[in-house]
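Enquirer: My structure is stored as my_file.txt, with compact mmCIF, C-alpha atoms and all ligand atoms.
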```txt
# COMPACT_ATOMS: atom_id res chain seq x y z
CA MET A 1 87.18 -14.37 102.57
CA ASP A 2 86.94 -13.46 98.85
CA TRP A 3 85.66 -10.12 97.63
CA THR A 4 84.31 -9.68 94.10
CA THR A 5 83.98 -6.18 92.67
CA GLY A 6 83.14 -5.52 89.04
CA GLY A 7 84.43 -8.90 87.93
CA LEU A 8 87.69 -8.74 89.92
CA VAL A 9 88.21 -11.23 92.73
CA THR A 10 90.42 -9.90 95.53
CA ALA A 11 91.56 -11.19 98.92
CA ASN A 12 90.33 -8.06 100.69
CA PRO A 13 88.45 -4.82 99.89
CA VAL A 14 91.36 -2.44 100.61
CA TRP A 15 92.65 -1.21 97.25
CA VAL A 16 95.45 1.24 96.62
CA GLY A 17 94.20 4.21 94.59
CA SER A 18 96.12 5.81 91.76
CA SER A 19 98.81 8.32 92.78
CA GLU A 20 102.55 8.99 92.56
CA LEU A 21 103.00 6.03 94.95
CA THR A 22 101.95 3.69 92.13
CA MET A 23 103.99 5.43 89.41
CA THR A 24 107.14 3.29 89.55
CA PRO A 25 107.84 -0.46 89.41
CA GLY A 26 109.09 -0.31 93.02
CA GLY A 27 106.01 1.58 94.24
CA LEU A 28 103.63 -0.85 92.54
CA ARG A 29 105.48 -3.87 93.94
CA ALA A 30 105.56 -2.38 97.46
CA CYS A 31 101.77 -1.96 97.47
CA VAL A 32 101.22 -5.53 96.26
CA ASP A 33 103.66 -6.92 98.82
CA ALA A 34 102.05 -4.92 101.65
CA GLY A 35 98.79 -6.82 101.18
CA ALA A 36 96.57 -4.59 99.05
CA GLY A 37 93.38 -6.20 97.73
CA ALA A 38 94.11 -4.54 94.37
CA VAL A 39 96.40 -1.75 93.18
CA VAL A 40 95.51 1.00 90.71
CA ALA A 41 98.56 2.33 88.87
CA LYS A 42 99.20 6.04 88.36
CA SER A 43 97.07 7.54 85.59
CA VAL A 44 98.35 8.31 82.14
CA ASN A 45 96.77 10.04 79.14
CA GLU A 46 97.78 11.24 75.69
CA SER A 47 98.66 14.78 76.68
CA ALA A 48 102.25 16.05 76.98
CA ALA A 49 100.84 18.98 78.98
CA ALA A 50 99.37 16.58 81.57
CA ARG A 51 102.80 14.97 81.98
CA ARG A 52 104.46 18.40 82.27
CA GLN A 53 102.09 19.22 85.13
CA LEU A 54 104.01 16.72 87.21
CA ASP A 55 106.93 19.22 87.08
CA ILE A 56 104.86 21.64 89.18
CA ALA A 57 103.50 18.99 91.56
CA ASP A 58 103.65 20.12 95.18
CA TYR A 59 102.14 18.77 98.39
CA ALA A 60 101.12 20.34 101.71
CA PHE A 61 99.92 18.23 104.62
CA VAL A 62 97.53 20.29 106.73
CA SER A 63 96.66 19.58 110.37
CA PRO A 64 92.99 19.33 111.48
CA ASP A 65 93.27 22.98 112.65
CA ARG A 66 94.49 24.01 109.21
CA GLU A 67 98.18 24.53 110.00
CA VAL A 68 100.59 23.46 107.26
CA ARG A 69 102.99 20.80 108.55
CA GLN A 70 106.75 21.17 108.26
CA PRO A 71 108.23 19.34 105.24
CA GLY A 72 108.57 15.63 105.99
CA VAL A 73 105.93 15.71 108.76
CA ALA A 74 102.50 14.18 108.10
CA HIS A 75 99.89 12.59 110.35
CA ARG A 76 97.07 10.28 109.43
CA GLU A 77 94.41 12.78 110.50
CA ASP A 78 95.84 15.44 108.15
CA GLY A 79 94.33 16.82 104.99
CA LEU A 80 96.41 16.99 101.82
CA LEU A 81 96.39 19.95 99.44
CA ASN A 82 98.37 19.34 96.28
CA ARG A 83 99.01 19.91 92.63
CA SER A 84 99.75 16.81 90.58
CA GLY A 85 100.41 15.65 87.03
CA LEU A 86 100.41 12.36 85.16
CA ALA A 87 103.12 9.71 84.75
CA GLN A 88 106.02 11.00 82.62
CA VAL A 89 106.64 7.78 80.72
CA ALA A 90 106.04 6.92 77.06
CA LEU A 91 103.05 4.61 76.64
CA ASP A 92 105.09 1.60 75.44
CA GLU A 93 107.43 1.83 78.39
CA TRP A 94 104.47 2.29 80.75
CA LEU A 95 102.76 -0.82 79.37
CA GLY A 96 105.96 -2.75 80.09
CA ILE A 97 105.97 -1.48 83.70
CA LEU A 98 102.30 -2.41 84.06
CA ALA A 99 102.85 -5.91 82.62
CA GLU A 100 105.63 -6.56 85.13
CA ALA A 101 103.48 -5.29 88.04
CA VAL A 102 100.49 -7.34 86.86
CA SER A 103 102.56 -10.50 86.83
CA HIS A 104 104.01 -9.69 90.29
CA GLY A 105 100.46 -9.09 91.60
CA ALA A 106 99.02 -12.20 89.94
CA GLY A 107 101.51 -14.37 91.84
CA ARG A 108 100.13 -12.90 95.08
CA GLY A 109 96.43 -12.80 94.23
CA CYS A 110 96.44 -9.00 93.82
CA PRO A 111 95.08 -7.53 90.57
CA VAL A 112 97.00 -4.48 89.32
CA LEU A 113 94.82 -2.13 87.27
CA GLY A 114 95.80 0.47 84.69
CA SER A 115 94.39 3.98 84.94
CA ILE A 116 93.60 6.73 82.45
CA THR A 117 92.73 10.25 83.51
CA LEU A 118 90.55 11.61 80.76
CA GLY A 119 91.87 14.15 78.27
CA ASP A 120 90.32 13.46 74.88
CA PRO A 121 87.84 10.49 74.74
CA PRO A 122 89.09 8.97 71.43
CA ALA A 123 92.66 9.10 72.75
CA ALA A 124 91.55 7.50 76.03
CA ALA A 125 89.90 4.75 73.98
CA ARG A 126 93.18 4.13 72.09
CA ILE A 127 95.18 3.97 75.32
CA GLY A 128 92.51 1.75 76.89
CA ARG A 129 92.74 -0.74 74.02
CA ALA A 130 96.51 -1.07 74.48
CA MET A 131 96.27 -1.17 78.28
CA ALA A 132 93.58 -3.87 78.30
CA LYS A 133 96.06 -6.23 76.62
CA VAL A 134 98.24 -6.20 79.76
CA VAL A 135 96.02 -5.45 82.78
CA PRO A 136 93.02 -7.31 84.30
CA GLY A 137 91.08 -4.06 84.73
CA VAL A 138 91.14 -0.38 83.73
CA GLU A 139 90.03 2.62 85.77
CA LEU A 140 88.93 5.69 83.82
CA ASN A 141 89.18 8.82 85.96
CA ILE A 142 86.75 11.49 84.80
CA GLY A 143 86.66 13.28 88.14
CA ALA A 144 90.12 14.86 88.47
CA PRO A 145 89.80 18.14 90.44
CA HIS A 146 92.87 19.44 88.57
CA GLY A 147 90.62 19.48 85.48
CA ARG A 148 89.24 22.76 86.84
CA GLU A 149 92.70 24.35 86.75
CA ALA A 150 94.23 22.93 83.56
CA THR A 151 92.79 21.62 80.30
CA ALA A 152 95.21 18.67 79.96
CA VAL A 153 92.93 16.59 82.19
CA ARG A 154 89.15 16.86 82.28
CA GLN A 155 86.60 16.73 85.05
CA LEU A 156 83.20 15.77 83.64
CA THR A 157 80.13 16.90 85.58
CA GLU A 158 77.39 16.52 82.96
CA VAL A 159 75.53 13.32 82.07
CA ASP A 160 75.97 13.55 78.27
CA ALA A 161 79.72 14.08 78.47
CA VAL A 162 80.09 11.17 80.91
CA ALA A 163 78.07 8.86 78.64
CA GLU A 164 80.09 9.84 75.57
CA ALA A 165 83.48 9.33 77.24
CA VAL A 166 82.56 6.02 78.87
CA ARG A 167 80.98 4.67 75.67
CA ALA A 168 84.15 5.47 73.72
CA VAL A 169 86.46 3.75 76.20
CA ARG A 170 84.11 0.81 76.80
CA ALA A 171 84.17 0.06 73.07
CA THR A 172 87.90 -0.70 73.18
CA VAL A 173 88.42 -2.07 76.70
CA ASP A 174 87.54 -5.76 76.98
CA VAL A 175 88.49 -6.16 80.65
CA PRO A 176 86.52 -4.80 83.64
CA LEU A 177 86.16 -1.01 83.33
CA PHE A 178 85.81 1.15 86.44
CA VAL A 179 84.78 4.79 86.03
CA LYS A 180 85.81 7.21 88.79
CA LEU A 181 83.44 10.16 89.15
CA PRO A 182 83.86 13.61 90.68
CA GLY A 183 82.26 14.37 94.05
CA GLN A 184 81.60 17.92 93.03
CA ALA A 185 78.72 17.78 90.57
CA SER A 186 75.08 18.66 91.05
CA ASP A 187 73.90 15.06 90.65
CA VAL A 188 76.58 12.41 91.03
CA VAL A 189 73.96 9.63 91.04
CA ALA A 190 72.89 10.72 87.54
CA LEU A 191 76.54 10.58 86.42
CA ALA A 192 76.85 7.07 87.90
CA ARG A 193 73.72 5.95 86.08
CA ALA A 194 75.06 7.40 82.81
CA ALA A 195 78.43 5.69 83.28
CA ARG A 196 76.77 2.36 84.02
CA SER A 197 74.39 2.64 81.02
CA ALA A 198 77.40 3.44 78.83
CA GLY A 199 79.03 0.17 79.88
CA ALA A 200 81.02 0.70 83.09
CA ASP A 201 81.45 -2.51 85.11
CA GLY A 202 82.03 -0.56 88.31
CA ILE A 203 81.71 3.03 89.53
CA GLY A 204 84.35 4.85 91.62
CA LEU A 205 82.94 7.37 94.13
CA VAL A 206 84.21 10.06 94.56
CA GLY A 207 87.20 12.10 93.38
CA ARG A 208 88.83 14.70 95.64
CA TYR A 209 87.67 18.30 95.73
CA PRO A 210 89.17 21.53 94.41
CA GLY A 211 90.69 23.46 97.32
CA PHE A 212 92.23 26.80 98.29
CA LEU A 213 93.96 27.75 101.53
CA PRO A 214 95.31 31.28 102.28
CA ASP A 215 98.58 31.24 104.23
CA LEU A 216 97.59 34.52 106.01
CA ASP A 217 100.93 35.92 104.93
CA GLY A 218 99.74 37.60 101.75
CA GLY A 219 99.47 34.45 99.66
CA ALA A 220 98.14 30.94 99.37
CA VAL A 221 99.50 27.57 100.46
CA LEU A 222 101.28 26.06 97.40
CA GLY A 223 100.89 29.47 95.71
CA SER A 224 97.87 28.25 93.76
CA TRP A 225 94.62 26.36 93.93
CA GLY A 226 94.90 22.60 94.30
CA ALA A 227 93.16 19.31 95.00
CA TRP A 228 91.99 18.74 98.57
CA GLY A 229 91.13 15.67 100.60
CA SER A 230 90.84 15.10 104.35
CA PRO A 231 89.20 12.70 106.80
CA ALA A 232 86.38 15.26 107.06
CA CYS A 233 85.54 14.55 103.40
CA LEU A 234 84.41 11.04 104.39
CA PRO A 235 80.70 11.79 105.01
CA MET A 236 80.55 13.73 101.74
CA SER A 237 81.95 10.71 99.85
CA LEU A 238 79.56 8.39 101.70
CA TYR A 239 76.61 10.59 100.76
CA TRP A 240 77.14 9.75 97.08
CA VAL A 241 78.12 6.11 97.68
CA SER A 242 74.93 5.46 99.68
CA LYS A 243 72.67 7.40 97.31
CA THR A 244 74.15 5.60 94.30
CA ARG A 245 73.77 2.21 95.97
CA LEU A 246 70.12 3.02 96.69
CA ALA A 247 69.41 4.28 93.16
CA LEU A 248 71.35 1.68 91.15
CA GLY A 249 70.93 -1.32 93.44
CA PRO A 250 73.30 -3.97 94.80
CA ASP A 251 74.18 -5.36 91.37
CA VAL A 252 76.19 -2.28 90.39
CA PRO A 253 79.67 -2.58 91.93
CA LEU A 254 80.89 0.58 93.67
CA VAL A 255 84.48 1.43 94.63
CA GLY A 256 84.67 4.03 97.39
CA THR A 257 87.42 6.62 97.69
CA ASN A 258 88.20 9.96 99.34
CA GLY A 259 88.44 10.14 103.10
CA ALA A 260 89.17 6.64 104.46
CA ARG A 261 92.02 6.64 106.96
CA THR A 262 91.11 3.93 109.51
CA THR A 263 89.53 0.48 109.63
CA ALA A 264 86.30 2.09 110.83
CA ASP A 265 86.36 4.43 107.80
CA VAL A 266 86.79 1.49 105.41
CA LEU A 267 83.89 -0.25 107.16
CA ARG A 268 81.80 2.92 106.80
CA PHE A 269 82.42 2.91 103.04
CA LEU A 270 81.42 -0.77 102.88
CA ALA A 271 78.31 -0.26 105.03
CA SER A 272 77.31 2.60 102.68
CA GLY A 273 77.43 0.28 99.67
CA ALA A 274 81.00 0.19 98.35
CA GLY A 275 82.41 -3.27 97.63
CA ALA A 276 86.01 -2.00 97.78
CA VAL A 277 87.76 1.13 99.05
CA GLU A 278 90.72 2.95 97.49
CA ILE A 279 93.30 4.31 99.93
CA VAL A 280 95.96 6.90 99.05
CA THR A 281 96.61 9.58 101.68
CA ALA A 282 96.89 7.15 104.61
CA LEU A 283 99.51 5.32 102.59
CA TRP A 284 101.46 8.58 102.20
CA THR A 285 101.29 9.38 105.92
CA ASP A 286 101.76 5.88 107.38
CA GLY A 287 103.45 3.84 104.66
CA PRO A 288 102.59 0.41 103.19
CA PRO A 289 101.90 -1.33 106.58
CA VAL A 290 98.63 0.60 106.76
CA LEU A 291 97.21 -1.71 104.06
CA ALA A 292 97.50 -4.89 106.16
CA GLU A 293 96.24 -2.98 109.21
CA LEU A 294 93.05 -1.96 107.37
CA ALA A 295 92.52 -5.30 105.60
CA GLU A 296 93.00 -7.29 108.82
CA GLY A 297 90.77 -4.83 110.70
CA VAL A 298 87.93 -5.38 108.24
CA GLN A 299 88.36 -9.15 108.34
CA SER A 300 88.34 -9.26 112.17
CA PHE A 301 85.26 -7.05 112.33
CA LEU A 302 83.27 -9.26 109.95
CA GLU A 303 84.48 -12.52 111.53
CA ALA A 304 83.60 -11.32 115.03
CA ARG A 305 80.03 -10.68 113.84
CA ASP A 306 79.91 -13.74 111.57
CA LEU A 307 79.09 -11.53 108.58
CA THR A 308 79.83 -12.20 104.92
CA PRO A 309 80.95 -9.31 102.72
CA ALA A 310 77.62 -9.48 100.87
CA ALA A 311 75.67 -9.18 104.14
CA PHE A 312 77.67 -6.18 105.33
CA VAL A 313 78.04 -4.14 102.11
CA GLY A 314 75.21 -1.58 102.01
CA SER A 315 73.89 -2.61 105.44
CA ALA A 316 73.74 1.00 106.73
CA LEU A 317 70.96 1.75 104.26
CA GLU A 318 68.56 -0.47 106.17
CA GLY A 319 68.73 2.02 109.04
CA ALA A 320 68.56 5.20 106.94
CA ARG A 321 65.24 6.95 106.25
CA ASP A 322 64.12 9.67 103.87
CA TYR A 323 63.36 12.90 105.75
CA ALA A 324 59.65 12.33 105.07
CA ASP A 325 59.78 9.03 107.00
CA VAL A 326 61.67 10.27 110.07
CA ALA A 327 59.51 10.44 113.21
CA PRO A 328 59.46 13.82 115.04
CA VAL A 329 62.26 14.22 117.59
CA ARG A 330 62.46 16.44 120.68
CA PRO A 331 64.73 19.45 120.03
CA PRO A 332 67.97 19.14 122.04
CA ALA A 333 68.04 21.25 125.20
CA TRP A 334 71.02 23.32 124.01
CA LEU A 335 69.00 24.60 121.06
CA ARG A 336 66.59 26.50 123.36
CA TYR A 337 63.99 26.26 120.65
CA ALA A 338 60.46 26.74 121.83
CA GLY A 339 58.75 24.88 118.97
CA PRO A 340 56.64 26.17 116.09
CA SER A 341 54.05 27.83 118.36
CA GLY A 342 56.80 29.85 120.07
CA ARG A 343 55.75 28.66 123.54
C1 LIG P 401 99.03 13.08 95.17
C2 LIG P 401 97.82 12.41 94.58
C3 LIG P 401 97.84 12.02 93.24
C4 LIG P 401 96.71 11.41 92.69
N1 LIG P 401 96.74 11.03 91.38
C5 LIG P 401 95.65 10.41 90.84
C6 LIG P 401 95.66 9.96 89.50
O1 LIG P 401 96.64 10.09 88.76
N2 LIG P 401 94.54 9.33 89.01
C7 LIG P 401 93.43 9.14 89.79
O2 LIG P 401 92.44 8.58 89.32
N3 LIG P 401 93.40 9.56 91.07
C8 LIG P 401 94.47 10.17 91.61
N4 LIG P 401 94.44 10.57 92.91
C9 LIG P 401 93.23 10.33 93.73
C10 LIG P 401 93.39 9.06 94.55
O3 LIG P 401 93.45 7.92 93.73
C11 LIG P 401 92.24 8.88 95.60
O4 LIG P 401 91.03 8.68 94.91
C12 LIG P 401 92.12 10.08 96.52
O5 LIG P 401 93.38 10.45 97.02
C13 LIG P 401 91.14 9.84 97.68
O6 LIG P 401 91.57 8.83 98.56
P1 LIG P 401 92.27 9.14 99.98
O7 LIG P 401 91.30 9.91 100.80
O8 LIG P 401 92.59 7.79 100.52
O9 LIG P 401 93.51 9.94 99.67
C14 LIG P 401 95.55 11.18 93.48
C15 LIG P 401 95.56 11.56 94.84
C16 LIG P 401 96.69 12.17 95.38
C17 LIG P 401 96.65 12.55 96.84
```
Show me, as structure tokens, the structure contained in the file I just sent.

Expert:
Amino acid sequence: MDWTTGGLVTANPVWVGSSELTMTPGGLRACVDAGAGAVVAKSVNESAAARRQLDIADYAFVSPDREVRQPGVAHREDGLLNRSGLAQVALDEWLGILAEAVSHGAGRGCPVLGSITLGDPPAAARIGRAMAKVVPGVELNIGAPHGREATAVRQLTEVDAVAEAVRAVRATVDVPLFVKLPGQASDVVALARAARSAGADGIGLVGRYPGFLPDLDGGAVLGSWGAWGSPACLPMSLYWVSKTRLALGPDVPLVGTNGARTTADVLRFLASGAGAVEIVTALWTDGPPVLAELAEGVQSFLEARDLTPAAFVGSALEGARDYADVAPVRPPAWLRYAGPSGR
């Protein structure tokens, strides 16, 4: 079963998203070998300050009832609150690491993409030009939640800024370009449309959210604000995936991310309109075997129903109505609501 997303052909729709797990040659190879459809390397940009932020990176896994786990303990249902920075490697050295990972992936049918988290658009365009010489695809992250806390990376939430940044990078990147958007913007569909018009081959939906969690001991978990993701973020991600699919149509490739932990979650992303799904936190909690588990789960589900990827992707939209088209329903008994007349 082949999957095609934004010009990349992959063996399955389970991609590894960019994170510290794809920041080393060994990490990149491990994700390829574990059966990822594609692997997105850790982001880089031009800023020394963004690299220094990795020195203050810290991670707290948080249980579904908001208790911080002991160090070394993490479960798949957990949320993750963290600070993070970008890869601390000079660009030339990084391109060498990418080239080696790309060739390892190519031998196993797994594209390895480069990633840039936006700082300054002209600098991102320069890095993109160099990166495109060694990778089959580039992801431009303009949705980093850390952009709200530090200026070394930027989170764009306005249409004009998105168009300007994507146009600049598109002009120098001659391989498929994926643009990863924030989930926290007033109109993410408008940002997707702007990114597409400015030349993106695919749209990533959506970045994690800014988060804050008091420790009830006079301070905050991690001692600062951070980036937050959890399985409960899934419906919020799927809101924008489904709305973007509806607005932009099936010809615009979407890559889902933020909240998928299980095979059913990956299927929910696909049914909402994503052609591929980026996994990170489940990989941190369960290790590389989770990739084959999810990929095989998706394949079995589609085979059992004799469905092609094209038939399944976006299929949930056929059963979703605008509020104006929903027929009246009886209020549930527990609501004890007497109806508009008060009777
Ligand atoms: C520790 C950590 C570091 C991350 N670093 C990056 C990054 O450098 N660039 C990027 O585009 N996304 C980054 N992300 C976001 C992930 O690629 C992914 O979109 C996000 O974690 C949501 O997927 P998940 O719910 O499977 O974790 C990072 C996420 C985590 C948890």

Enquirer: How far is it from CA of Ala50 (chain A) to CA of Val135 (chain A), in Å with one decimal?

Expert: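 Spanning CA of Ala50 (chain A) to CA of Val135 (chain A) is a straight-line distance of 22.3 Å.
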
Enquirer: Determine the nearest neighbour of ligand LIG 401 (chain P) from the options A:Gly249, A:Pro214, A:Gly85, A:Pro289, counting all atoms listed in the file.

Expert: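 Of all the options, A:Gly85 lies closest to ligand LIG 401 (chain P).
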
Enquirer: Distance table requested - region 196-305 of chain A against region 33-36 of chain A, cut-off 12 Å, only C-alpha atoms: one row per qualifying residue with the closest atom pair and its distance in Å to one decimal, ordered by chain and rising residue number, as a Markdown table.

Expert:
```
| residue | atom | partner | partner_atom | distance |
| --- | --- | --- | --- | --- |
| A:Ala276 | CA | A:Ala36 | CA | 10.9 |
| A:Val277 | CA | A:Ala36 | CA | 10.5 |
| A:Glu278 | CA | A:Ala36 | CA | 9.7 |
| A:Ile279 | CA | A:Ala36 | CA | 9.5 |
| A:Val280 | CA | A:Ala36 | CA | 11.5 |
| A:Leu283 | CA | A:Ala34 | CA | 10.6 |
| A:Gly287 | CA | A:Ala34 | CA | 9.4 |
| A:Pro288 | CA | A:Ala34 | CA | 5.6 |
| A:Pro289 | CA | A:Ala34 | CA | 6.1 |
| A:Val290 | CA | A:Ala34 | CA | 8.3 |
| A:Leu291 | CA | A:Ala36 | CA | 5.8 |
| A:Ala292 | CA | A:Gly35 | CA | 5.5 |
| A:Glu293 | CA | A:Gly35 | CA | 9.3 |
| A:Leu294 | CA | A:Ala36 | CA | 9.4 |
| A:Ala295 | CA | A:Ala36 | CA | 7.7 |
| A:Glu296 | CA | A:Gly35 | CA | 9.6 |
```

Enquirer: With all atoms of ligand LIG 401 (chain P) from the file as input, state the centre and edge lengths in Å to one decimal of the axis-aligned box that has 5 Å extra on each side, as AutoDock Vina command-line options.

Expert:
```
--center_x 95.0 --center_y 10.4 --center_z 94.8 --size_x 18.0 --size_y 15.3 --size_z 22.0
```

Enquirer: If we count only C-alpha atoms and set the cut-off at 9 Å, which residues sit around Gly273 (chain A), ignoring sequence neighbours fewer than 4 positions away in its own chain? Please answer as a PyMOL selection string.

Expert: chain A and resi 238+241-246+250+253-256+268-269+312-317

Enquirer: Could you pull out the residues sitting within 7 Å of ligand LIG 401 (chain P), using only C-alpha atoms and all ligand atoms, and write them as a PyMOL selection string?

Expert: chain A and resi 17-20+42-43+80+82+84-86+115+117+141+144+180+206-208+229-231+257-261+278-282

Enquirer: In Å, how far is it from CA of Pro25 (chain A) to CA of Pro176 (chain A)?

Expert: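 Distance between the two atoms: 22.5 Å.
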
Enquirer: Rounded to one decimal place, report the CA of Val188 (chain A)-CA of Asp322 (chain A) distance in Å.

Expert: 18.1 Å

Enquirer: Determine, counting all atoms listed in the file, every residue of protein, DNA or RNA that lies within 10 Å of (93.6, 19.9, 93.8) in the file coordinates, then give the result as a list in words.

Expert: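 Residues found, by chain and rising number: Tyr59, Leu80, Leu81, Asn82, Arg83, Ser84, Ala144, Pro145, His146, Gly147, Arg148, Glu149, Arg208, Tyr209, Pro210, Gly211, Phe212, Ser224, Trp225, Gly226, Ala227, Trp228 and Gly229 of chain A.
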